[in-house]
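Okay, input34.cif is below, mmCIF, C-alpha atoms:
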```cif
data_target
loop_
_atom_site.label_atom_id
_atom_site.label_comp_id
_atom_site.auth_asym_id
_atom_site.auth_seq_id
_atom_site.Cartn_x
_atom_site.Cartn_y
_atom_site.Cartn_z
CA MET H 212 -126.94 -127.75 29.76
CA SER H 213 -129.23 -124.76 29.64
CA VAL H 214 -132.70 -125.03 28.22
CA GLU H 215 -133.62 -122.67 25.45
CA HIS H 216 -136.91 -120.98 26.23
CA ALA H 217 -138.92 -118.99 23.76
CA ARG H 218 -138.15 -115.31 23.59
CA SER H 219 -140.96 -112.83 23.18
CA GLY H 220 -142.34 -113.13 19.68
CA ASP H 221 -141.10 -116.66 19.15
CA ILE H 222 -143.38 -119.28 17.65
CA VAL H 223 -143.71 -122.45 19.74
CA GLU H 224 -144.95 -125.69 18.22
CA LEU H 225 -147.38 -127.73 20.31
CA ASP H 226 -145.86 -130.79 18.65
CA PRO H 227 -148.34 -133.64 19.16
CA ALA H 228 -145.73 -136.00 17.70
CA ALA H 229 -143.55 -135.42 20.75
CA ARG H 230 -145.26 -138.39 22.34
CA THR H 231 -143.26 -140.69 20.12
CA ARG H 232 -139.86 -139.57 21.29
CA LEU H 233 -139.97 -137.81 24.65
CA THR H 234 -141.13 -138.33 28.20
CA GLY H 235 -141.70 -135.80 30.92
CA PRO H 236 -141.91 -132.02 31.00
CA VAL H 237 -140.08 -129.53 28.81
CA ALA H 238 -140.38 -125.81 29.55
CA LEU H 239 -141.21 -123.97 26.34
CA VAL H 240 -141.76 -120.53 27.80
CA ARG H 241 -140.55 -119.21 31.09
CA ASP H 242 -140.51 -115.68 32.31
CA ASP H 243 -141.02 -114.21 35.75
CA ARG H 244 -144.81 -114.65 35.68
CA LEU H 245 -145.64 -117.32 33.11
CA GLU H 246 -144.46 -120.82 32.41
CA VAL H 247 -145.61 -123.00 29.52
CA MET H 248 -144.55 -126.64 29.45
CA ARG H 249 -145.03 -129.51 27.08
CA TRP H 250 -145.54 -132.64 29.11
CA VAL H 251 -145.31 -136.04 27.49
CA LEU H 252 -146.98 -138.86 29.41
CA PRO H 253 -146.74 -142.38 27.98
CA ALA H 254 -149.83 -144.53 28.34
CA GLY H 255 -150.18 -145.79 31.87
CA ARG H 256 -147.95 -143.12 33.37
CA SER H 257 -149.32 -141.17 36.34
CA VAL H 258 -148.32 -137.92 37.96
CA PRO H 259 -148.86 -138.09 41.74
CA GLU H 260 -151.07 -135.60 43.49
CA HIS H 261 -149.63 -132.12 43.31
CA LEU H 262 -150.73 -128.52 43.06
CA ALA H 263 -149.55 -125.33 41.42
CA TYR H 264 -149.17 -122.17 43.45
CA GLY H 265 -150.81 -120.10 40.73
CA PRO H 266 -153.76 -120.73 38.43
CA ALA H 267 -153.08 -123.02 35.49
CA THR H 268 -154.55 -124.71 32.48
CA ILE H 269 -153.75 -128.17 31.17
CA GLN H 270 -154.55 -128.67 27.51
CA CYS H 271 -154.53 -132.00 25.76
CA VAL H 272 -152.55 -131.71 22.53
CA ALA H 273 -152.62 -135.42 21.79
CA GLY H 274 -153.74 -138.59 23.53
CA ASP H 275 -156.15 -139.10 26.37
CA THR H 276 -155.47 -138.22 30.00
CA LEU H 277 -157.52 -138.52 33.15
CA VAL H 278 -157.36 -135.62 35.62
CA ARG H 279 -158.49 -136.44 39.14
CA LEU H 280 -159.61 -133.54 41.31
CA ALA H 281 -161.37 -133.23 44.63
CA ALA H 282 -164.57 -132.66 42.63
CA GLY H 283 -164.15 -135.79 40.53
CA GLU H 284 -162.56 -137.03 37.36
CA ARG H 285 -162.16 -135.14 34.11
CA ARG H 286 -161.22 -136.62 30.77
CA LEU H 287 -158.78 -134.52 28.77
CA GLN H 288 -158.78 -135.22 25.06
CA PRO H 289 -157.44 -133.22 22.11
CA GLY H 290 -159.28 -129.95 21.76
CA SER H 291 -160.00 -129.44 25.42
CA LEU H 292 -158.29 -128.02 28.47
CA VAL H 293 -158.99 -127.99 32.17
CA TYR H 294 -158.70 -124.86 34.27
CA LEU H 295 -157.24 -125.22 37.75
CA ALA H 296 -157.40 -122.47 40.32
CA ALA H 297 -154.30 -121.82 42.39
CA GLY H 298 -153.75 -124.62 44.87
CA GLU H 299 -156.15 -127.10 43.25
CA ARG H 300 -154.80 -130.54 43.97
CA HIS H 301 -154.87 -133.00 41.14
CA THR H 302 -153.36 -136.16 39.74
CA LEU H 303 -152.88 -137.10 36.11
CA GLU H 304 -153.05 -140.52 34.48
CA ALA H 305 -152.37 -141.06 30.80
CA LEU H 306 -154.89 -143.46 29.29
CA ALA H 307 -153.00 -143.25 25.99
CA ASP H 308 -149.67 -141.75 24.97
CA SER H 309 -150.38 -138.09 25.64
CA VAL H 310 -148.93 -134.65 25.04
CA LEU H 311 -150.15 -131.97 27.43
CA LEU H 312 -149.60 -128.23 27.27
CA VAL H 313 -149.40 -126.91 30.82
CA THR H 314 -149.68 -123.14 31.27
CA MET H 315 -149.03 -121.81 34.76
CA VAL H 316 -149.09 -118.41 36.32
CA LEU H 317 -146.09 -118.18 38.57
CA ALA H 318 -147.02 -117.10 42.03
CA VAL H 319 -144.03 -115.02 42.97
CA PRO H 320 -143.76 -112.30 40.36
CA ALA H 321 -140.25 -111.00 40.80
CA ALA H 322 -138.21 -113.23 43.05
CA GLY H 323 -139.40 -116.73 42.28
CA GLN H 324 -137.71 -117.55 39.04
CA GLY H 325 -135.65 -120.30 40.51
CA ALA H 326 -138.28 -121.58 42.89
CA ASP H 327 -140.09 -124.87 42.65
CA LEU H 328 -143.37 -124.45 40.89
CA PHE H 329 -145.05 -127.47 42.30
CA ALA H 330 -145.75 -128.67 45.74
CA ARG H 331 -146.46 -132.29 46.40
CA ALA H 332 -149.83 -132.24 48.05
CA ASP H 333 -149.29 -135.11 50.42
CA ARG H 334 -147.99 -132.83 53.15
CA PRO H 335 -149.26 -129.34 52.49
CA HIS H 336 -148.49 -126.68 55.03
CA GLY H 337 -151.31 -125.61 57.26
CA GLU H 338 -153.92 -127.87 55.71
CA ARG H 339 -155.99 -130.67 57.08
CA THR H 340 -154.89 -134.15 56.15
CA ASP H 341 -158.02 -136.11 55.44
CA GLY H 342 -156.24 -138.61 53.24
CA GLY H 343 -156.73 -142.34 53.45
CA ARG H 344 -153.77 -143.09 55.63
CA SER H 345 -155.06 -144.01 59.04
CA MET O 288 -176.06 -110.62 31.06
CA SER O 289 -173.23 -112.19 33.01
CA VAL O 290 -170.71 -114.40 31.27
CA GLU O 291 -170.22 -117.87 32.63
CA HIS O 292 -166.52 -118.50 33.16
CA ALA O 293 -165.05 -121.88 33.90
CA ARG O 294 -164.76 -122.82 37.53
CA SER O 295 -161.72 -124.65 38.78
CA GLY O 296 -161.80 -128.18 37.43
CA ASP O 297 -164.07 -127.36 34.51
CA ILE O 298 -163.28 -128.67 31.06
CA VAL O 299 -163.13 -125.97 28.38
CA GLU O 300 -163.46 -126.84 24.70
CA LEU O 301 -161.12 -125.03 22.31
CA ASP O 302 -163.92 -125.30 19.76
CA PRO O 303 -162.31 -124.76 16.34
CA ALA O 304 -165.80 -124.75 14.83
CA ALA O 305 -166.53 -121.48 16.63
CA ARG O 306 -165.28 -119.66 13.56
CA THR O 307 -168.45 -120.58 11.75
CA ARG O 308 -170.78 -118.85 14.16
CA LEU O 309 -169.02 -116.27 16.32
CA THR O 310 -166.89 -113.18 16.02
CA GLY O 311 -164.72 -111.51 18.61
CA PRO O 312 -163.47 -112.50 22.04
CA VAL O 313 -165.16 -114.71 24.63
CA ALA O 314 -163.61 -115.10 28.06
CA LEU O 315 -163.49 -118.78 28.95
CA VAL O 316 -161.52 -118.52 32.16
CA ARG O 317 -161.08 -115.51 34.34
CA ASP O 318 -159.71 -115.32 37.82
CA ASP O 319 -157.63 -112.70 39.56
CA ARG O 320 -154.39 -113.70 37.81
CA LEU O 321 -155.30 -115.57 34.65
CA GLU O 322 -157.57 -114.95 31.70
CA VAL O 323 -158.15 -117.33 28.82
CA MET O 324 -160.14 -116.12 25.83
CA ARG O 325 -161.33 -117.67 22.62
CA TRP O 326 -161.03 -115.07 19.89
CA VAL O 327 -162.75 -115.59 16.57
CA LEU O 328 -161.38 -113.52 13.70
CA PRO O 329 -163.07 -113.82 10.31
CA ALA O 330 -160.77 -113.77 7.28
CA GLY O 331 -159.57 -110.26 6.59
CA ARG O 332 -160.29 -108.97 10.08
CA SER O 333 -157.50 -107.15 11.90
CA VAL O 334 -156.93 -106.27 15.51
CA PRO O 335 -155.15 -102.88 15.78
CA GLU O 336 -151.88 -102.55 17.61
CA HIS O 337 -152.27 -103.28 21.30
CA LEU O 338 -150.36 -104.80 24.18
CA ALA O 339 -151.11 -106.83 27.25
CA TYR O 340 -149.86 -105.71 30.64
CA GLY O 341 -148.77 -109.22 31.52
CA PRO O 342 -147.11 -112.00 29.53
CA ALA O 343 -149.38 -113.90 27.17
CA THR O 344 -149.60 -116.63 24.60
CA ILE O 345 -151.74 -116.67 21.47
CA GLN O 346 -152.43 -120.13 20.12
CA CYS O 347 -154.00 -120.85 16.76
CA VAL O 348 -156.81 -123.34 17.20
CA ALA O 349 -158.06 -123.04 13.62
CA GLY O 350 -157.32 -120.90 10.61
CA ASP O 351 -154.29 -118.80 9.76
CA THR O 352 -153.39 -115.50 11.43
CA LEU O 353 -150.53 -113.09 10.94
CA VAL O 354 -149.01 -111.56 14.07
CA ARG O 355 -146.99 -108.41 13.51
CA LEU O 356 -144.43 -107.49 16.14
CA ALA O 357 -141.60 -105.01 16.34
CA ALA O 358 -139.29 -107.88 15.43
CA GLY O 359 -141.25 -108.88 12.35
CA GLU O 360 -144.14 -111.02 11.23
CA ARG O 361 -145.10 -114.40 12.58
CA ARG O 362 -147.51 -116.83 10.98
CA LEU O 363 -149.84 -118.56 13.44
CA GLN O 364 -151.33 -121.79 12.19
CA PRO O 365 -153.01 -124.68 14.02
CA GLY O 366 -150.59 -126.40 16.33
CA SER O 367 -148.52 -123.37 17.16
CA LEU O 368 -148.57 -120.46 19.56
CA VAL O 369 -146.64 -117.26 19.96
CA TYR O 370 -145.29 -116.08 23.30
CA LEU O 371 -145.48 -112.37 24.05
CA ALA O 372 -143.67 -110.80 26.96
CA ALA O 373 -145.53 -108.20 28.99
CA GLY O 374 -145.94 -105.02 27.02
CA GLU O 375 -145.05 -106.49 23.62
CA ARG O 376 -146.97 -104.50 21.03
CA HIS O 377 -148.58 -106.49 18.27
CA THR O 378 -151.29 -106.49 15.66
CA LEU O 379 -153.26 -109.45 14.35
CA GLU O 380 -154.62 -110.07 10.87
CA ALA O 381 -156.66 -113.14 10.02
CA LEU O 382 -155.61 -114.59 6.66
CA ALA O 383 -158.41 -117.17 6.98
CA ASP O 384 -161.32 -117.57 9.36
CA SER O 385 -159.44 -118.15 12.60
CA VAL O 386 -160.00 -119.22 16.17
CA LEU O 387 -157.32 -118.10 18.62
CA LEU O 388 -156.82 -119.09 22.23
CA VAL O 389 -155.39 -116.12 24.10
CA THR O 390 -153.94 -116.82 27.55
CA MET O 391 -152.92 -113.78 29.58
CA VAL O 392 -151.38 -113.30 32.96
CA LEU O 393 -153.21 -110.43 34.59
CA ALA O 394 -150.85 -107.80 35.82
CA VAL O 395 -152.61 -106.68 38.98
CA PRO O 396 -152.90 -109.76 41.14
CA ALA O 397 -155.54 -108.78 43.64
CA ALA O 398 -157.27 -105.58 42.68
CA GLY O 399 -157.43 -105.64 38.91
CA GLN O 400 -160.36 -107.87 38.21
CA GLY O 401 -162.44 -105.17 36.67
CA ALA O 402 -159.61 -103.36 34.95
CA ASP O 403 -159.02 -103.20 31.23
CA LEU O 404 -156.63 -105.88 30.14
CA PHE O 405 -155.43 -104.21 27.03
CA ALA O 406 -153.92 -100.90 26.26
CA ARG O 407 -154.09 -99.53 22.79
CA ALA O 408 -150.49 -98.90 21.92
CA ASP O 409 -150.96 -95.78 19.90
CA ARG O 410 -150.61 -93.55 22.95
CA PRO O 411 -148.77 -95.45 25.62
CA HIS O 412 -147.93 -93.67 28.82
CA GLY O 413 -144.34 -92.70 29.29
CA GLU O 414 -143.13 -94.11 26.02
CA ARG O 415 -141.54 -92.53 23.01
CA THR O 416 -143.81 -92.01 20.06
CA ASP O 417 -141.88 -92.93 16.99
CA GLY O 418 -144.94 -93.81 14.98
CA GLY O 419 -145.46 -92.89 11.38
CA ARG O 420 -147.66 -89.87 11.93
CA SER O 421 -145.61 -86.80 11.11
#
```

Reformat the file's structure so that it appears as structure tokens.
Amino acid sequence: MSVEHARSGDIVELDPAARTRLTGPVALVRDDRLEVMRWVLPAGRSVPEHLAYGPATIQCVAGDTLVRLAAGERRLQPGSLVYLAAGERHTLEALADSVLLVTMVLAVPAAGQGADLFARADRPHGERTDGGRS
Amino acid sequence: MSVEHARSGDIVELDPAARTRLTGPVALVRDDRLEVMRWVLPAGRSVPEHLAYGPATIQCVAGDTLVRLAAGERRLQPGSLVYLAAGERHTLEALADSVLLVTMVLAVPAAGQGADLFARADRPHGERTDGGRS
């Protein structure tokens, strides 16, 4: 049942071919301050608006994914990454079968290992709700 | 004089071709908890033993680099990364012109922005010195 994460010094393969056989996130590295995930998004799949509590990068290992931010849209293709400050809301939409490498700084250094890393942004605490729902 | 770091939402190119025109580290992303650097190592260049205060990953974007750790040697080639826990001492040696993407969690969340990120490991504080110098 348990997931095998890399130990310090382990080599981790980015594995662009993962898009042919997997869907969803797999944690490759997880310690008390850092998490690295491989996220496989089949073409047409979206990830609803969410945010990470710490800063993060999303790197495109394979495919073509659209990242929607408050500031606009970004196109993530192999060889590029997008930097997201802590709390930056975003959605993802795979335009082609995609493999993403998501690297997140965990916000709670010592106690948060079991905590959820993501918050759905549709009902953030203490924030305005300017969304389109009237 | 100032270096332009990515702002939240910015796309950053991994830029494997950087090995043809640059040497050394360039900070691509830097906030109070996360730093991402592109590090160009020409073939034959080494980085002496050092450690990061927070956990880190080193990804090979181009080339071929040897990572030496207490546990042994690791070969970093395009498509792979190595995970290093906080404080893991290591050296790097480029076997070919290499471009590395170094992602580090900064250890001092709020106050450390101007602090050195690396410690040379030859004289660590409060550690045994078992090194080869008699």

Report as a ChimeraX atom specification the set of chain O residues whose atoms approach chain H to within 7 Å, with distances computed over all atoms listed in the file. /O:295-302,321,342,356,366-372,392

Selection near H:Trp250, 12 Å with all atoms listed in the file, sequence-local residues under 6 positions removed, as an MDAnalysis selection string: chainID H and resid 225:230 232:239 256:258 269:274 276 303 305 308:314

So the first atom is atom CA of H:Leu277 and the second is atom CA of H:Val251; what is the distance between them in Å, to one decimal place? 13.7 Å

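Counting from atom CA of H:His216, the distance to atom CA of O:Glu336 is 25.3 Å.
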
Quick one, how far is atom CA of O:His337 from atom CA of O:Leu382?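 Atom-to-atom, atom CA of O:His337 and atom CA of O:Leu382 are spaced 18.8 Å apart.
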
Please write out, as lines of an AutoDock Vina configuration file, where the centre of an axis-aligned box around all listed atoms of stretch 231-240 of chain H lies and how long its edges are, in Å to one decimal, after adding 3 Å on each side.
```
center_x = -141.6
center_y = -130.6
center_z = 25.6
size_x = 9.4
size_y = 26.2
size_z = 16.9
```
